[in-house]
$ cat work-v4.pdb   # PDB, C-alpha atoms, pLDDT in the B column
ATOM      1  CA  MET E 228     165.072 193.311 116.805  1.00 36.00           C
ATOM      2  CA  PRO E 229     164.266 194.412 120.326  1.00 42.00           C
ATOM      3  CA  ARG E 230     161.938 192.268 122.354  1.00 43.00           C
ATOM      4  CA  SER E 231     158.476 193.648 122.909  1.00 49.00           C
ATOM      5  CA  ASP E 232     157.006 194.450 126.317  1.00 48.00           C
ATOM      6  CA  LEU E 233     154.634 191.508 126.024  1.00 48.00           C
ATOM      7  CA  ALA E 234     157.396 189.040 125.185  1.00 47.00           C
ATOM      8  CA  SER E 235     159.521 190.281 128.069  1.00 48.00           C
ATOM      9  CA  GLY E 236     156.571 190.006 130.465  1.00 54.00           C
ATOM     10  CA  ASN E 237     156.211 193.714 131.321  1.00 70.00           C
ATOM     11  CA  GLU E 238     152.792 194.177 129.699  1.00 82.00           C
ATOM     12  CA  LYS E 239     149.819 192.737 131.590  1.00 89.00           C
ATOM     13  CA  VAL E 240     147.173 190.880 129.609  1.00 92.00           C
ATOM     14  CA  VAL E 241     143.663 190.430 130.996  1.00 92.00           C
ATOM     15  CA  LEU E 242     140.740 188.159 130.284  1.00 93.00           C
ATOM     16  CA  LEU E 243     137.511 190.160 130.322  1.00 93.00           C
ATOM     17  CA  LEU E 244     134.271 188.233 130.815  1.00 93.00           C
ATOM     18  CA  PHE E 245     130.982 190.094 130.528  1.00 92.00           C
ATOM     19  CA  GLN E 246     127.345 189.098 130.714  1.00 91.00           C
ATOM     20  CA  ALA E 247     124.173 191.015 129.953  1.00 88.00           C
ATOM     21  CA  PRO E 248     121.701 191.694 132.754  1.00 86.00           C
ATOM     22  CA  ALA E 249     118.799 189.255 133.082  1.00 84.00           C
ATOM     23  CA  ARG E 250     116.169 191.540 131.540  1.00 84.00           C
ATOM     24  CA  ALA E 251     118.243 193.411 128.977  1.00 82.00           C
ATOM     25  CA  HIS E 252     116.406 194.827 125.980  1.00 87.00           C
ATOM     26  CA  ARG E 253     117.523 193.534 122.629  1.00 88.00           C
ATOM     27  CA  GLY E 254     117.758 197.059 121.188  1.00 89.00           C
ATOM     28  CA  SER E 255     120.157 198.259 123.868  1.00 88.00           C
ATOM     29  CA  MET E 256     122.315 195.153 123.444  1.00 89.00           C
ATOM     30  CA  THR E 257     122.421 195.814 119.688  1.00 89.00           C
ATOM     31  CA  ARG E 258     123.560 199.393 120.329  1.00 91.00           C
ATOM     32  CA  LEU E 259     126.250 198.107 122.698  1.00 90.00           C
ATOM     33  CA  SER E 260     127.468 195.651 120.069  1.00 89.00           C
ATOM     34  CA  GLN E 261     127.617 198.406 117.464  1.00 90.00           C
ATOM     35  CA  LYS E 262     129.538 200.739 119.780  1.00 91.00           C
ATOM     36  CA  LEU E 263     131.923 197.970 120.814  1.00 91.00           C
ATOM     37  CA  TYR E 264     132.590 196.179 117.502  1.00 88.00           C
ATOM     38  CA  GLY E 265     131.363 198.662 114.874  1.00 90.00           C
ATOM     39  CA  ARG E 266     129.016 197.954 111.999  1.00 88.00           C
ATOM     40  CA  THR E 267     128.723 198.107 108.236  1.00 87.00           C
ATOM     41  CA  VAL E 268     125.677 199.657 106.577  1.00 86.00           C
ATOM     42  CA  ARG E 269     124.671 199.279 102.945  1.00 86.00           C
ATOM     43  CA  SER E 270     122.691 201.796 100.984  1.00 83.00           C
ATOM     44  CA  PRO E 271     119.560 200.721  99.089  1.00 82.00           C
ATOM     45  CA  ARG E 272     120.323 198.237  96.321  1.00 78.00           C
ATOM     46  CA  SER E 273     123.761 197.740  97.903  1.00 73.00           C
ATOM     47  CA  ALA E 274     125.218 200.575  95.872  1.00 79.00           C
ATOM     48  CA  ARG E 275     127.535 201.740  98.660  1.00 85.00           C
ATOM     49  CA  GLU E 276     128.893 200.400 101.911  1.00 85.00           C
ATOM     50  CA  TYR E 277     129.617 202.567 104.923  1.00 85.00           C
ATOM     51  CA  ALA E 278     131.688 201.452 107.900  1.00 86.00           C
ATOM     52  CA  TYR E 279     131.070 202.792 111.387  1.00 88.00           C
ATOM     53  CA  HIS E 280     133.968 201.945 113.637  1.00 88.00           C
ATOM     54  CA  GLY E 281     133.596 200.643 117.152  1.00 90.00           C
ATOM     55  CA  LEU E 282     135.706 201.092 120.252  1.00 91.00           C
ATOM     56  CA  LEU E 283     137.618 197.834 119.701  1.00 89.00           C
ATOM     57  CA  ASP E 284     138.724 198.783 116.180  1.00 88.00           C
ATOM     58  CA  GLY E 285     141.532 200.842 117.694  1.00 87.00           C
ATOM     59  CA  ILE E 286     142.342 198.430 120.534  1.00 89.00           C
ATOM     60  CA  PRO E 287     144.312 195.220 120.004  1.00 91.00           C
ATOM     61  CA  HIS E 288     142.186 192.373 121.351  1.00 90.00           C
ATOM     62  CA  ARG E 289     141.182 188.759 120.786  1.00 90.00           C
ATOM     63  CA  ARG E 290     137.520 187.831 120.975  1.00 90.00           C
ATOM     64  CA  LEU E 291     137.213 184.359 122.441  1.00 89.00           C
ATOM     65  CA  GLY E 292     133.468 183.993 122.087  1.00 88.00           C
ATOM     66  CA  ARG E 293     130.280 185.558 123.278  1.00 88.00           C
ATOM     67  CA  GLY E 294     131.123 187.721 126.269  1.00 89.00           C
ATOM     68  CA  ALA E 295     134.839 186.929 126.493  1.00 92.00           C
ATOM     69  CA  MET E 296     137.908 188.725 125.168  1.00 92.00           C
ATOM     70  CA  VAL E 297     141.623 189.075 125.817  1.00 93.00           C
ATOM     71  CA  LEU E 298     143.186 192.542 125.805  1.00 92.00           C
ATOM     72  CA  PHE E 299     145.953 194.582 127.384  1.00 92.00           C
ATOM     73  CA  ALA E 300     145.359 195.876 130.904  1.00 91.00           C
ATOM     74  CA  ARG E 301     146.092 199.440 129.756  1.00 92.00           C
ATOM     75  CA  ASP E 302     143.053 199.279 127.414  1.00 91.00           C
ATOM     76  CA  LEU E 303     140.697 197.868 130.054  1.00 92.00           C
ATOM     77  CA  PRO E 304     139.314 201.144 131.516  1.00 93.00           C
ATOM     78  CA  ALA E 305     137.827 202.336 128.219  1.00 92.00           C
ATOM     79  CA  VAL E 306     136.146 198.999 127.482  1.00 92.00           C
ATOM     80  CA  GLU E 307     135.038 198.574 131.088  1.00 93.00           C
ATOM     81  CA  THR E 308     133.406 202.032 131.142  1.00 93.00           C
ATOM     82  CA  LEU E 309     131.378 201.267 128.012  1.00 92.00           C
ATOM     83  CA  LEU E 310     130.258 197.849 129.257  1.00 92.00           C
ATOM     84  CA  ARG E 311     129.283 199.158 132.690  1.00 92.00           C
ATOM     85  CA  SER E 312     127.233 201.952 131.111  1.00 92.00           C
ATOM     86  CA  TYR E 313     125.002 199.208 129.642  1.00 90.00           C
ATOM     87  CA  GLY E 314     124.706 197.383 132.970  1.00 90.00           C
ATOM     88  CA  MET E 315     126.920 194.420 132.084  1.00 91.00           C
ATOM     89  CA  LYS E 316     128.261 192.120 134.789  1.00 92.00           C
ATOM     90  CA  LEU E 317     132.065 192.021 134.496  1.00 92.00           C
ATOM     91  CA  GLU E 318     134.855 189.729 135.630  1.00 93.00           C
ATOM     92  CA  VAL E 319     138.489 190.567 134.938  1.00 92.00           C
ATOM     93  CA  ARG E 320     141.415 188.160 135.342  1.00 92.00           C
ATOM     94  CA  VAL E 321     145.111 188.729 134.701  1.00 92.00           C
ATOM     95  CA  ILE E 322     146.354 185.879 132.521  1.00 90.00           C
ATOM     96  CA  LEU E 323     149.456 184.560 130.802  1.00 89.00           C
ATOM     97  CA  PRO E 324     148.800 184.985 127.075  1.00 88.00           C
ATOM     98  CA  THR E 325     148.952 182.015 124.708  1.00 86.00           C
ATOM     99  CA  VAL E 326     150.696 182.144 121.332  1.00 87.00           C
ATOM    100  CA  GLN E 327     147.355 182.906 119.638  1.00 87.00           C
ATOM    101  CA  ASP E 328     146.736 185.730 122.132  1.00 86.00           C
ATOM    102  CA  ARG E 329     150.144 187.240 121.374  1.00 86.00           C
ATOM    103  CA  ARG E 330     149.503 187.110 117.645  1.00 86.00           C
ATOM    104  CA  ALA E 331     146.058 188.686 117.983  1.00 86.00           C
ATOM    105  CA  LEU E 332     147.454 191.431 120.216  1.00 86.00           C
ATOM    106  CA  GLY E 333     150.122 192.166 117.622  1.00 83.00           C
ATOM    107  CA  ARG E 334     153.150 190.693 119.331  1.00 61.00           C
ATOM    108  CA  SER E 335     154.880 187.343 119.258  1.00 48.00           C
ATOM    109  CA  GLU E 336     157.387 185.716 121.544  1.00 46.00           C
ATOM    110  CA  GLU E 337     160.228 186.303 119.081  1.00 45.00           C
ATOM    111  CA  GLY E 338     159.568 190.050 119.131  1.00 44.00           C
ATOM    112  CA  ASP E 339     158.306 190.468 115.574  1.00 42.00           C
ATOM    113  CA  GLU E 340     154.994 192.043 114.710  1.00 43.00           C
ATOM    114  CA  GLY E 341     153.121 188.727 114.609  1.00 42.00           C
ATOM    115  CA  ASP E 342     150.322 188.551 112.095  1.00 44.00           C
ATOM    116  CA  ARG E 343     149.239 191.913 110.870  1.00 47.00           C
ATOM    117  CA  SER E 344     145.609 191.598 111.933  1.00 49.00           C
ATOM    118  CA  GLY E 345     145.291 194.980 113.571  1.00 51.00           C
ATOM    119  CA  PRO E 346     142.309 197.245 113.200  1.00 54.00           C
ATOM    120  CA  ARG E 347     140.424 196.519 110.007  1.00 54.00           C
ATOM    121  CA  PRO E 348     140.477 199.217 107.356  1.00 53.00           C
ATOM    122  CA  PRO E 349     137.136 200.697 106.328  1.00 52.00           C
ATOM    123  CA  PRO E 350     135.546 198.920 103.394  1.00 52.00           C
ATOM    124  CA  ALA E 351     135.953 200.691 100.089  1.00 51.00           C
ATOM    125  CA  LEU E 352     132.955 202.302  98.544  1.00 49.00           C
ATOM    126  CA  VAL E 353     131.426 199.793  96.152  1.00 46.00           C
ATOM    127  CA  ARG E 354     130.263 200.971  92.755  1.00 47.00           C
ATOM    128  CA  PRO E 355     127.114 199.369  91.423  1.00 49.00           C
ATOM    129  CA  ASP E 356     127.620 196.767  88.740  1.00 49.00           C
ATOM    130  CA  VAL E 357     126.409 198.680  85.720  1.00 47.00           C
ATOM    131  CA  GLY E 358     126.325 195.924  83.108  1.00 49.00           C
ATOM    132  CA  ARG E 359     125.077 193.010  85.208  1.00 49.00           C
ATOM    133  CA  THR E 360     121.527 191.746  85.252  1.00 51.00           C
ATOM    134  CA  ASP E 361     119.524 191.409  88.420  1.00 50.00           C
ATOM    135  CA  ALA E 362     117.947 187.952  88.793  1.00 51.00           C
ATOM    136  CA  ARG E 363     115.407 189.262  91.324  1.00 52.00           C
ATOM    137  CA  ARG E 364     113.842 191.431  88.646  1.00 50.00           C
ATOM    138  CA  GLY E 365     113.478 188.875  85.911  1.00 54.00           C
ATOM    139  CA  GLY E 366     116.839 189.594  84.347  1.00 53.00           C
ATOM    140  CA  ARG E 367     116.402 193.327  83.770  1.00 53.00           C
ATOM    141  CA  ARG E 368     119.527 195.414  83.727  1.00 52.00           C
ATOM    142  CA  ARG E 369     120.436 197.536  86.728  1.00 51.00           C
ATOM    143  CA  ARG E 370     120.527 201.285  86.373  1.00 52.00           C
TER     144      ARG E 370
END

$ encode --input "work-v4.pdb" --output "structure tokens"
Amino acid sequence: MPRSDLASGNEKVVLLLFQAPARAHRGSMTRLSQKLYGRTVRSPRSAREYAYHGLLDGIPHRRLGRGAMVLFARDLPAVETLLRSYGMKLEVRVILPTVQDRRALGRSEEGDEGDRSGPRPPPALVRPDVGRTDARRGGRRRR
């Protein structure tokens, strides 16, 4: 198998650190999180689940914690534009990726695909459990 760009050292990997402004509103930070990571919404009585995808669903990345992620340098402008539009303070550093970073970004040192933890597929629509009882309603059957 041919070696990947990351394994051969041609692909730059960056560490992106971001921090919310001092007086950021919680609602705007929630919207940023939803646009960045996506969200899942359930209908009343949890009959169906709907997935709204975020920007990072199509970008290989590794989230290191709150306000820190590792991603390819080629994907940085799109993420940086979104974060700056919400007034985030950014720091970007070019790094040498670890083995875990390579796996999360979809490449390994040997050149194989690494673990297949790419973008998550949308959750399937969930049918209500027709024959089960609902304990919250004193054991009545669901409709």

$ residues_around --input "work-v4.pdb" --residues "region 260-273 of chain E" --least-positions-apart "5" --cutoff "7 Å" --atoms "all atoms listed in the file" --output "ChimeraX atom specification"
/E:278-284

$ resolve_selection --input "work-v4.pdb" --expression "the PyMOL selection byres ((chain E and resi 306) around 12)" --output "ChimeraX atom specification"
/E:241,243-245,259-260,262-264,281-288,296-305,307-313,315,317,319

$ atom_distance --input "work-v4.pdb" --atom1 "CA of Gly294 (chain E)" --atom2 "CA of Gln246 (chain E)"
6.0 Å

$ atom_distance --input "work-v4.pdb" --atom1 "CA of Arg329 (chain E)" --atom2 "CA of Arg293 (chain E)"
20.0 Å

$ resolve_selection --input "work-v4.pdb" --expression "the PyMOL selection byres ((chain E and resi 322) around 7)" --output "PyMOL selection string"
chain E and resi 240-242+320-321+323-324

$ closest_residue --input "work-v4.pdb" --among "E:Arg289, E:Tyr277, E:Arg250, E:Arg258" --to "Thr325 (chain E)" --atoms "all atoms listed in the file"
E:Arg289

$ atom_distance --input "work-v4.pdb" --atom1 "CA of Glu238 (chain E)" --atom2 "CA of Gln327 (chain E)"
16.1 Å

$ decode --input "work-v4.pdb" --residues "region 285-328 of chain E" --atoms "N, CA and C atoms" --output "PDB file, in the first residue's frame"
ATOM      1  N   GLY E 285     -17.691  16.672   8.588  1.00  0.00           N
ATOM      2  CA  GLY E 285     -17.041  16.358   7.326  1.00  0.00           C
ATOM      3  C   GLY E 285     -15.543  16.598   7.338  1.00  0.00           C
ATOM      4  N   ILE E 286     -14.990  16.971   8.492  1.00  0.00           N
ATOM      5  CA  ILE E 286     -13.567  17.286   8.597  1.00  0.00           C
ATOM      6  C   ILE E 286     -12.921  16.319   9.578  1.00  0.00           C
ATOM      7  N   PRO E 287     -11.872  15.613   9.164  1.00  0.00           N
ATOM      8  CA  PRO E 287     -11.189  14.739  10.121  1.00  0.00           C
ATOM      9  C   PRO E 287     -10.505  15.588  11.186  1.00  0.00           C
ATOM     10  N   HIS E 288     -10.773  15.273  12.452  1.00  0.00           N
ATOM     11  CA  HIS E 288     -10.210  16.045  13.552  1.00  0.00           C
ATOM     12  C   HIS E 288     -10.154  15.173  14.799  1.00  0.00           C
ATOM     13  N   ARG E 289      -9.467  15.659  15.812  1.00  0.00           N
ATOM     14  CA  ARG E 289      -9.425  15.015  17.118  1.00  0.00           C
ATOM     15  C   ARG E 289      -9.662  16.089  18.159  1.00  0.00           C
ATOM     16  N   ARG E 290     -10.732  15.960  18.911  1.00  0.00           N
ATOM     17  CA  ARG E 290     -11.029  16.922  19.963  1.00  0.00           C
ATOM     18  C   ARG E 290     -10.266  16.513  21.216  1.00  0.00           C
ATOM     19  N   LEU E 291      -9.426  17.406  21.702  1.00  0.00           N
ATOM     20  CA  LEU E 291      -8.591  17.092  22.849  1.00  0.00           C
ATOM     21  C   LEU E 291      -9.250  17.478  24.167  1.00  0.00           C
ATOM     22  N   GLY E 292     -10.181  18.353  24.122  1.00  0.00           N
ATOM     23  CA  GLY E 292     -10.867  18.814  25.328  1.00  0.00           C
ATOM     24  C   GLY E 292     -11.609  20.078  24.986  1.00  0.00           C
ATOM     25  N   ARG E 293     -11.996  20.792  26.011  1.00  0.00           N
ATOM     26  CA  ARG E 293     -12.748  22.019  25.790  1.00  0.00           C
ATOM     27  C   ARG E 293     -11.835  23.076  25.176  1.00  0.00           C
ATOM     28  N   GLY E 294     -12.126  23.462  23.956  1.00  0.00           N
ATOM     29  CA  GLY E 294     -11.367  24.518  23.303  1.00  0.00           C
ATOM     30  C   GLY E 294     -10.048  24.084  22.703  1.00  0.00           C
ATOM     31  N   ALA E 295      -9.882  22.809  22.406  1.00  0.00           N
ATOM     32  CA  ALA E 295      -8.634  22.341  21.795  1.00  0.00           C
ATOM     33  C   ALA E 295      -8.919  21.193  20.845  1.00  0.00           C
ATOM     34  N   MET E 296      -8.363  21.264  19.640  1.00  0.00           N
ATOM     35  CA  MET E 296      -8.532  20.182  18.674  1.00  0.00           C
ATOM     36  C   MET E 296      -7.325  20.122  17.742  1.00  0.00           C
ATOM     37  N   VAL E 297      -7.136  18.935  17.174  1.00  0.00           N
ATOM     38  CA  VAL E 297      -6.076  18.697  16.202  1.00  0.00           C
ATOM     39  C   VAL E 297      -6.751  18.441  14.866  1.00  0.00           C
ATOM     40  N   LEU E 298      -6.275  19.120  13.812  1.00  0.00           N
ATOM     41  CA  LEU E 298      -6.830  18.925  12.481  1.00  0.00           C
ATOM     42  C   LEU E 298      -5.778  19.243  11.434  1.00  0.00           C
ATOM     43  N   PHE E 299      -6.075  18.927  10.184  1.00  0.00           N
ATOM     44  CA  PHE E 299      -5.156  19.226   9.103  1.00  0.00           C
ATOM     45  C   PHE E 299      -5.148  20.717   8.830  1.00  0.00           C
ATOM     46  N   ALA E 300      -4.005  21.228   8.401  1.00  0.00           N
ATOM     47  CA  ALA E 300      -3.867  22.656   8.106  1.00  0.00           C
ATOM     48  C   ALA E 300      -4.773  23.073   6.947  1.00  0.00           C
ATOM     49  N   ARG E 301      -5.037  22.173   6.019  1.00  0.00           N
ATOM     50  CA  ARG E 301      -5.891  22.518   4.876  1.00  0.00           C
ATOM     51  C   ARG E 301      -7.332  22.778   5.301  1.00  0.00           C
ATOM     52  N   ASP E 302      -7.760  22.214   6.445  1.00  0.00           N
ATOM     53  CA  ASP E 302      -9.126  22.395   6.942  1.00  0.00           C
ATOM     54  C   ASP E 302      -9.249  23.574   7.901  1.00  0.00           C
ATOM     55  N   LEU E 303      -8.146  24.198   8.248  1.00  0.00           N
ATOM     56  CA  LEU E 303      -8.144  25.276   9.233  1.00  0.00           C
ATOM     57  C   LEU E 303      -8.953  26.497   8.814  1.00  0.00           C
ATOM     58  N   PRO E 304      -8.884  26.992   7.573  1.00  0.00           N
ATOM     59  CA  PRO E 304      -9.606  28.223   7.242  1.00  0.00           C
ATOM     60  C   PRO E 304     -11.115  28.155   7.490  1.00  0.00           C
ATOM     61  N   ALA E 305     -11.745  27.047   7.185  1.00  0.00           N
ATOM     62  CA  ALA E 305     -13.187  26.935   7.392  1.00  0.00           C
ATOM     63  C   ALA E 305     -13.545  26.988   8.875  1.00  0.00           C
ATOM     64  N   VAL E 306     -12.787  26.261   9.690  1.00  0.00           N
ATOM     65  CA  VAL E 306     -13.048  26.246  11.135  1.00  0.00           C
ATOM     66  C   VAL E 306     -12.715  27.604  11.745  1.00  0.00           C
ATOM     67  N   GLU E 307     -11.607  28.180  11.300  1.00  0.00           N
ATOM     68  CA  GLU E 307     -11.179  29.477  11.826  1.00  0.00           C
ATOM     69  C   GLU E 307     -12.208  30.570  11.510  1.00  0.00           C
ATOM     70  N   THR E 308     -12.775  30.561  10.327  1.00  0.00           N
ATOM     71  CA  THR E 308     -13.783  31.551   9.945  1.00  0.00           C
ATOM     72  C   THR E 308     -15.008  31.463  10.856  1.00  0.00           C
ATOM     73  N   LEU E 309     -15.475  30.241  11.114  1.00  0.00           N
ATOM     74  CA  LEU E 309     -16.632  30.064  11.985  1.00  0.00           C
ATOM     75  C   LEU E 309     -16.334  30.538  13.407  1.00  0.00           C
ATOM     76  N   LEU E 310     -15.185  30.155  13.939  1.00  0.00           N
ATOM     77  CA  LEU E 310     -14.847  30.542  15.313  1.00  0.00           C
ATOM     78  C   LEU E 310     -14.670  32.047  15.450  1.00  0.00           C
ATOM     79  N   ARG E 311     -14.042  32.672  14.470  1.00  0.00           N
ATOM     80  CA  ARG E 311     -13.847  34.125  14.530  1.00  0.00           C
ATOM     81  C   ARG E 311     -15.172  34.882  14.409  1.00  0.00           C
ATOM     82  N   SER E 312     -16.134  34.307  13.692  1.00  0.00           N
ATOM     83  CA  SER E 312     -17.429  34.978  13.561  1.00  0.00           C
ATOM     84  C   SER E 312     -18.158  35.050  14.907  1.00  0.00           C
ATOM     85  N   TYR E 313     -17.805  34.196  15.854  1.00  0.00           N
ATOM     86  CA  TYR E 313     -18.375  34.232  17.196  1.00  0.00           C
ATOM     87  C   TYR E 313     -17.460  34.931  18.201  1.00  0.00           C
ATOM     88  N   GLY E 314     -16.407  35.569  17.718  1.00  0.00           N
ATOM     89  CA  GLY E 314     -15.527  36.344  18.584  1.00  0.00           C
ATOM     90  C   GLY E 314     -14.571  35.521  19.431  1.00  0.00           C
ATOM     91  N   MET E 315     -14.262  34.321  19.023  1.00  0.00           N
ATOM     92  CA  MET E 315     -13.353  33.468  19.795  1.00  0.00           C
ATOM     93  C   MET E 315     -11.911  33.938  19.652  1.00  0.00           C
ATOM     94  N   LYS E 316     -11.140  33.769  20.719  1.00  0.00           N
ATOM     95  CA  LYS E 316      -9.705  34.031  20.680  1.00  0.00           C
ATOM     96  C   LYS E 316      -9.038  32.736  20.220  1.00  0.00           C
ATOM     97  N   LEU E 317      -8.182  32.829  19.197  1.00  0.00           N
ATOM     98  CA  LEU E 317      -7.588  31.634  18.598  1.00  0.00           C
ATOM     99  C   LEU E 317      -6.075  31.630  18.735  1.00  0.00           C
ATOM    100  N   GLU E 318      -5.533  30.431  18.884  1.00  0.00           N
ATOM    101  CA  GLU E 318      -4.094  30.187  18.770  1.00  0.00           C
ATOM    102  C   GLU E 318      -3.931  28.945  17.919  1.00  0.00           C
ATOM    103  N   VAL E 319      -3.022  29.004  16.962  1.00  0.00           N
ATOM    104  CA  VAL E 319      -2.787  27.884  16.054  1.00  0.00           C
ATOM    105  C   VAL E 319      -1.311  27.528  16.111  1.00  0.00           C
ATOM    106  N   ARG E 320      -1.007  26.251  16.274  1.00  0.00           N
ATOM    107  CA  ARG E 320       0.373  25.769  16.300  1.00  0.00           C
ATOM    108  C   ARG E 320       0.507  24.578  15.370  1.00  0.00           C
ATOM    109  N   VAL E 321       1.575  24.551  14.591  1.00  0.00           N
ATOM    110  CA  VAL E 321       1.879  23.383  13.763  1.00  0.00           C
ATOM    111  C   VAL E 321       2.554  22.372  14.670  1.00  0.00           C
ATOM    112  N   ILE E 322       2.073  21.128  14.638  1.00  0.00           N
ATOM    113  CA  ILE E 322       2.591  20.106  15.545  1.00  0.00           C
ATOM    114  C   ILE E 322       2.986  18.853  14.783  1.00  0.00           C
ATOM    115  N   LEU E 323       3.703  17.975  15.467  1.00  0.00           N
ATOM    116  CA  LEU E 323       3.963  16.626  14.974  1.00  0.00           C
ATOM    117  C   LEU E 323       2.880  15.738  15.575  1.00  0.00           C
ATOM    118  N   PRO E 324       2.086  15.067  14.762  1.00  0.00           N
ATOM    119  CA  PRO E 324       0.969  14.296  15.306  1.00  0.00           C
ATOM    120  C   PRO E 324       1.430  13.042  16.038  1.00  0.00           C
ATOM    121  N   THR E 325       0.717  12.692  17.103  1.00  0.00           N
ATOM    122  CA  THR E 325       0.969  11.452  17.828  1.00  0.00           C
ATOM    123  C   THR E 325       0.255  10.319  17.102  1.00  0.00           C
ATOM    124  N   VAL E 326       0.431   9.102  17.592  1.00  0.00           N
ATOM    125  CA  VAL E 326      -0.231   7.942  16.993  1.00  0.00           C
ATOM    126  C   VAL E 326      -1.746   8.096  17.101  1.00  0.00           C
ATOM    127  N   GLN E 327      -2.232   8.584  18.250  1.00  0.00           N
ATOM    128  CA  GLN E 327      -3.672   8.781  18.429  1.00  0.00           C
ATOM    129  C   GLN E 327      -4.199   9.846  17.465  1.00  0.00           C
ATOM    130  N   ASP E 328      -3.398  10.899  17.237  1.00  0.00           N
ATOM    131  CA  ASP E 328      -3.798  11.937  16.284  1.00  0.00           C
ATOM    132  C   ASP E 328      -3.921  11.355  14.885  1.00  0.00           C
TER     133      ASP E 328
END
